[in-house]
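So the structure is just underneath, and the comments pick up after that.
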Amino acid sequence: MNILTFVLVLLVAIVLALAGFTGVASWLIERRNPPVGSFIDIAGANIHYVHVPAPVGAELPPLVFIHGASANLKDQMLPLRPQFEGRAEMLFLDRPGHGWSGRGTGNNETQEGQAATIAALMDRLGIKDAIIVGHSFGGSIAATFALEHAEKTRGLLFLSAATHPWPGGDTSWYYSLSARPAVGRLFAAMVANPAGLMRIDAATTCVFSPDKVPDFYVDEASIKLVLRRQAFRANAIDVEGLYRHALKTAPRYPEIKAPTVVISGDADTVVYEEIHSMGLARDIPGAELVWVRKLGHKPDWVAPDLVAAAVEKLAGQPRDLQAMARRVEARMAGDDFGTDMCVNEKAPI
């Protein structure tokens with residue numbers, strides 16, 4: 001066997017080993033993180049969702065939750081459903097291509113397409129309008145939803161949103177690579193899973209930093225579902241296209257008429273809070289900015305009581321969100337987790 005043949009055989013062996021590892025690991029991830037809701041076909045996409053029907057005498061309007069990048073419906077449902085149980089109708093869904101939802105053959109690679117899928121799901125479930133709660137990347141879809149489906153938008157709540165163009169428009173290299181048609185499929189099939197499994201705990205620490213990651217968060221919120229080949233590519237395509245979407249959509253935010261609250265921490269290591277959250281408060285007429293010192297990227301998990309109060313205010317109840325933000329700050333004043341290891345790249349993940 002000459003050296004060229006040996007090298008080719010070695011490369012083929014490595015490719016097969018990595019692809020095989022990804023296949024087995026993905027099978028185990030799915031076995032350990034089964035669907036928790038129902039499925040419905042929306043324009044060719046098999047959407048996984050959890051619908052909590054309206055309780056008798058509901059005090060709050062319906063709520064629709066839109067999760068961020070690298071996540072699934074459990075990322076918001078676990079911390080926030082207990083806040084509204086018995087008080088409101090709720091809809092949690094895996095965005096197309098994420099969690100257990102299929103991507104479909106429609107326009108679900110865009111915020112407009114995903115907003116249309118959510119609007120259609122609301123119609124199928126008989127939800128006329130709702131307060132839309134968007135976290136991180138989900139904030140860009142919430143804003144798009146308000147622009148494209150204003151009649152369905154009772155209110156808007158942005159949590160650490162990613163909605164505006166940021167300096168340079170760069171994002172993590174592996175998203176740009178994975179979004180490419182050919183090499184992206186190879187990367188997602190061979191490298192993303194083993195590399196992601198090695199990095200997921202450190203990455204999660206930096207998403208929450210300077211706040212503490214809740215015990216068992218990665219497992220309980222089924223975060224590893226994103227490391228499957230198709231989910232990883234869908235996530236990468238979403239994130240890689242965010243800057244272009246923000247460039248064309250952000251100038252339209254002054255058109256939004258729905259009551260709006262924007263919650264953001266000043267220690268976010270994921271997005272430029274000064275650009276996105278302050279931009280939303282500036283651009284959407286009447287929006288209230290709730291600025292929380294030493295809060296990272298996860299107010300849904302770290303301050304669910306503040307999120308609940310914001311929903312209540314959007315529903316017309318008197319709530320002093322600024323005073324509550326000060327109480328949240330006092331509660332986590334000593335938090336300093338991961339600050340020595342987390343590089344602030346300021347690019348949406």
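Following the order of the structure tokens, chains are lettered A, B, ..., residues in each are numbered from 1, and ligands are numbered from 1.
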Using only C-alpha atoms, what table do you get, as CSV, when you list each residue of region 193-236 of chain A with an atom no more than 9 Å from region 169-186 of chain A, its nearest pair of atoms, and their distance in Å rounded to one decimal, rows by chain then rising number?
residue,atom,partner,partner_atom,distance
A:Arg229,CA,A:Arg185,CA,7.8
A:Gln230,CA,A:Arg185,CA,8.4
A:Phe232,CA,A:Ser178,CA,7.9
A:Arg233,CA,A:Ser178,CA,5.8
A:Ala234,CA,A:Ala179,CA,7.9
A:Asn235,CA,A:Tyr175,CA,8.0
A:Ala236,CA,A:Tyr175,CA,4.5
| Which of region 64-278 of chain A DSSP labels helix (DSSP H, G or I), written as a PyMOL selection string | chain A and resi 74-84+111-125+137-148+150-152+167-169+173-178+181-190+192-208+217-220+223-227+229-240+242-255+273-278
Non-local contacts of Ile42 (chain A) (7 Å; only C-alpha atoms; under 6 positions in same chain excluded) as a PyMOL selection string: chain A and resi 117+120-121
Using the selection just defined, write its residues with C-alpha atoms as a PDB file, in the first residue's frame.
ATOM      1  CA  THR A 117     -45.935  29.361  10.904  1.00  0.00           C
ATOM      2  CA  ALA A 120     -51.012  29.644  11.446  1.00  0.00           C
ATOM      3  CA  LEU A 121     -50.530  27.493  14.556  1.00  0.00           C
TER       4      LEU A 121
END
Practice task
Mind listing the strand (DSSP E) residues of region 9-252 of chain A, per DSSP on the backbone, as a PyMOL selection string?
Solution key: chain A and resi 38-42+45-52+63-66+90-93+130-135+153-159
What's the 8 Å shell around Leu227 (chain A), counting only C-alpha atoms, without same-chain residues fewer than 2 positions away, as a PDB file with N, CA and C atoms, in the first residue's frame?
ATOM      1  N   SER A  26     -26.647  11.037  18.306  1.00  0.00           N
ATOM      2  CA  SER A  26     -27.944  11.670  18.041  1.00  0.00           C
ATOM      3  C   SER A  26     -29.082  10.738  18.451  1.00  0.00           C
ATOM      4  N   ALA A 192     -19.860  18.657  14.355  1.00  0.00           N
ATOM      5  CA  ALA A 192     -20.661  19.455  15.282  1.00  0.00           C
ATOM      6  C   ALA A 192     -21.026  18.692  16.546  1.00  0.00           C
ATOM      7  N   ASN A 193     -21.397  17.429  16.400  1.00  0.00           N
ATOM      8  CA  ASN A 193     -21.849  16.680  17.575  1.00  0.00           C
ATOM      9  C   ASN A 193     -20.719  16.392  18.561  1.00  0.00           C
ATOM     10  N   GLY A 196     -19.480  19.691  19.935  1.00  0.00           N
ATOM     11  CA  GLY A 196     -20.499  20.312  20.773  1.00  0.00           C
ATOM     12  C   GLY A 196     -20.631  19.644  22.121  1.00  0.00           C
ATOM     13  N   LEU A 197     -20.564  18.325  22.149  1.00  0.00           N
ATOM     14  CA  LEU A 197     -20.656  17.617  23.423  1.00  0.00           C
ATOM     15  C   LEU A 197     -19.505  17.979  24.354  1.00  0.00           C
ATOM     16  N   LYS A 224     -29.205  19.458  24.320  1.00  0.00           N
ATOM     17  CA  LYS A 224     -28.399  18.661  23.396  1.00  0.00           C
ATOM     18  C   LYS A 224     -29.132  18.301  22.107  1.00  0.00           C
ATOM     19  N   LEU A 225     -30.442  18.527  22.053  1.00  0.00           N
ATOM     20  CA  LEU A 225     -31.164  18.270  20.799  1.00  0.00           C
ATOM     21  C   LEU A 225     -30.583  19.078  19.645  1.00  0.00           C
ATOM     22  N   ARG A 229     -27.656  16.501  13.574  1.00  0.00           N
ATOM     23  CA  ARG A 229     -27.182  17.072  12.311  1.00  0.00           C
ATOM     24  C   ARG A 229     -28.147  18.096  11.728  1.00  0.00           C
ATOM     25  N   ALA A 231     -30.812  19.614  13.043  1.00  0.00           N
ATOM     26  CA  ALA A 231     -31.109  20.724  13.950  1.00  0.00           C
ATOM     27  C   ALA A 231     -29.946  21.701  14.007  1.00  0.00           C
ATOM     28  N   PHE A 232     -28.717  21.175  13.998  1.00  0.00           N
ATOM     29  CA  PHE A 232     -27.556  22.057  14.054  1.00  0.00           C
ATOM     30  C   PHE A 232     -27.497  22.945  12.819  1.00  0.00           C
TER      31      PHE A 232
END
Quiz item: Near His245 (chain A), within 9 Å and counting only C-alpha atoms, which residues show up once chain neighbours fewer than 4 positions away are dropped, as a list of chain:residue names?
Solution: A:Thr110, A:Gln111, A:Ser140, A:Thr163, A:His164, A:Pro165, A:Gly241, A:Thr249, A:Ala250
From CA of Asn72 (chain A) to CA of Ala150 (chain A) the spacing works out at 24.7 Å
Counting only C-alpha atoms, closest pick from A:Ala323, A:Ala143, A:Ile131, A:Ala221 relative to Met77 (chain A) is A:Ala221
- Task: Extract, using only C-alpha atoms, all DNA, RNA and protein residues at most 7 Å from region 80-92 of chain A, discarding same-chain residues fewer than 3 positions from it, and format them as a VMD selection string.
- Result: chain A and resid 49 to 55 58 to 65 73 76 to 77 300 304 308
Now that the selection is made, can you save its residues with N, CA and C atoms as a short mmCIF file (atom, residue, chain, number, x, y, z; two decimals), in the first residue's frame?
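The resulting file, again-v4.cif, is reproduced below:
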data_model
loop_
_atom_site.label_atom_id
_atom_site.label_comp_id
_atom_site.auth_asym_id
_atom_site.auth_seq_id
_atom_site.Cartn_x
_atom_site.Cartn_y
_atom_site.Cartn_z
N TYR A 49 -45.42 21.19 19.64
CA TYR A 49 -45.87 22.30 20.49
C TYR A 49 -46.52 21.76 21.76
N VAL A 50 -46.58 22.63 22.76
CA VAL A 50 -47.34 22.37 23.98
C VAL A 50 -48.36 23.50 24.12
N HIS A 51 -49.63 23.13 24.14
CA HIS A 51 -50.71 24.11 24.27
C HIS A 51 -51.38 23.91 25.62
N VAL A 52 -51.35 24.94 26.43
CA VAL A 52 -52.02 24.92 27.73
C VAL A 52 -53.32 25.71 27.55
N PRO A 53 -54.47 25.05 27.53
CA PRO A 53 -55.73 25.76 27.26
C PRO A 53 -56.03 26.84 28.29
N ALA A 54 -56.88 27.77 27.90
CA ALA A 54 -57.24 28.87 28.79
C ALA A 54 -58.00 28.34 29.99
N PRO A 55 -57.60 28.70 31.20
CA PRO A 55 -58.36 28.29 32.39
C PRO A 55 -59.64 29.11 32.50
N ALA A 58 -59.63 33.17 33.15
CA ALA A 58 -58.23 33.56 33.01
C ALA A 58 -58.05 35.05 33.24
N GLU A 59 -57.06 35.41 34.08
CA GLU A 59 -56.83 36.82 34.39
C GLU A 59 -55.90 37.49 33.39
N LEU A 60 -55.22 36.68 32.57
CA LEU A 60 -54.27 37.21 31.61
C LEU A 60 -54.65 36.78 30.20
N PRO A 61 -54.26 37.55 29.19
CA PRO A 61 -54.51 37.13 27.81
C PRO A 61 -53.63 35.94 27.43
N PRO A 62 -53.89 35.32 26.29
CA PRO A 62 -53.03 34.21 25.86
C PRO A 62 -51.58 34.66 25.70
N LEU A 63 -50.66 33.70 25.91
CA LEU A 63 -49.23 33.97 25.82
C LEU A 63 -48.60 33.01 24.82
N VAL A 64 -47.78 33.53 23.92
CA VAL A 64 -47.05 32.71 22.96
C VAL A 64 -45.57 32.95 23.18
N PHE A 65 -44.82 31.87 23.36
CA PHE A 65 -43.40 31.95 23.70
C PHE A 65 -42.56 31.50 22.51
N LEU A 73 -38.60 24.39 22.91
CA LEU A 73 -39.70 24.93 23.72
C LEU A 73 -39.49 24.77 25.22
N GLN A 76 -38.06 27.77 27.58
CA GLN A 76 -38.94 28.77 28.20
C GLN A 76 -40.02 28.12 29.05
N MET A 77 -40.47 26.95 28.64
CA MET A 77 -41.59 26.33 29.34
C MET A 77 -41.23 25.96 30.79
N ASP A 300 -35.20 34.69 31.58
CA ASP A 300 -36.30 33.74 31.73
C ASP A 300 -36.03 32.74 32.86
N PRO A 304 -37.55 34.87 36.53
CA PRO A 304 -38.89 34.58 35.99
C PRO A 304 -39.99 35.43 36.63
N ALA A 308 -42.79 37.56 34.68
CA ALA A 308 -44.22 37.48 34.98
C ALA A 308 -44.81 38.85 35.24
#
What separates CA of Glu312 (chain A) and CA of Ala69 (chain A) is a distance of 25.9 Å
For Ile132 (chain A), work out the shell of residues within 7 Å, counting only C-alpha atoms and skipping chain neighbours fewer than 2 positions away, then give it as a compact mmCIF listing (two decimals) with N, CA, C and O atoms, in the first residue's frame.
# COMPACT_ATOMS: atom_id res chain seq x y z
N LEU A 63 -50.66 33.70 25.91
CA LEU A 63 -49.23 33.97 25.82
C LEU A 63 -48.60 33.01 24.82
O LEU A 63 -48.86 31.80 24.86
N VAL A 64 -47.78 33.53 23.92
CA VAL A 64 -47.05 32.71 22.96
C VAL A 64 -45.57 32.95 23.18
O VAL A 64 -45.10 34.09 23.21
N PHE A 65 -44.82 31.87 23.36
CA PHE A 65 -43.40 31.95 23.70
C PHE A 65 -42.56 31.50 22.51
O PHE A 65 -42.78 30.42 21.95
N ALA A 130 -52.40 37.39 21.17
CA ALA A 130 -51.65 36.99 22.36
C ALA A 130 -50.56 38.00 22.64
O ALA A 130 -50.17 38.81 21.78
N GLY A 134 -40.52 36.82 23.26
CA GLY A 134 -39.40 36.33 22.48
C GLY A 134 -38.08 36.49 23.20
O GLY A 134 -37.75 37.58 23.67
N ALA A 142 -40.28 37.70 17.16
CA ALA A 142 -41.38 38.41 17.82
C ALA A 142 -41.61 39.77 17.17
O ALA A 142 -42.75 40.18 16.93
N THR A 153 -51.16 40.49 17.67
CA THR A 153 -50.17 40.88 18.67
C THR A 153 -50.81 41.77 19.73
O THR A 153 -51.00 42.97 19.53
N GLY A 155 -49.48 42.22 22.76
CA GLY A 155 -48.37 42.88 23.43
C GLY A 155 -47.08 42.18 23.07
O GLY A 155 -47.09 41.06 22.52
N LEU A 156 -45.95 42.80 23.38
CA LEU A 156 -44.63 42.24 23.08
C LEU A 156 -43.76 42.30 24.32
O LEU A 156 -43.67 43.34 24.98
N LEU A 157 -43.08 41.18 24.60
CA LEU A 157 -42.10 41.15 25.68
C LEU A 157 -40.81 40.57 25.12
O LEU A 157 -40.77 39.42 24.68
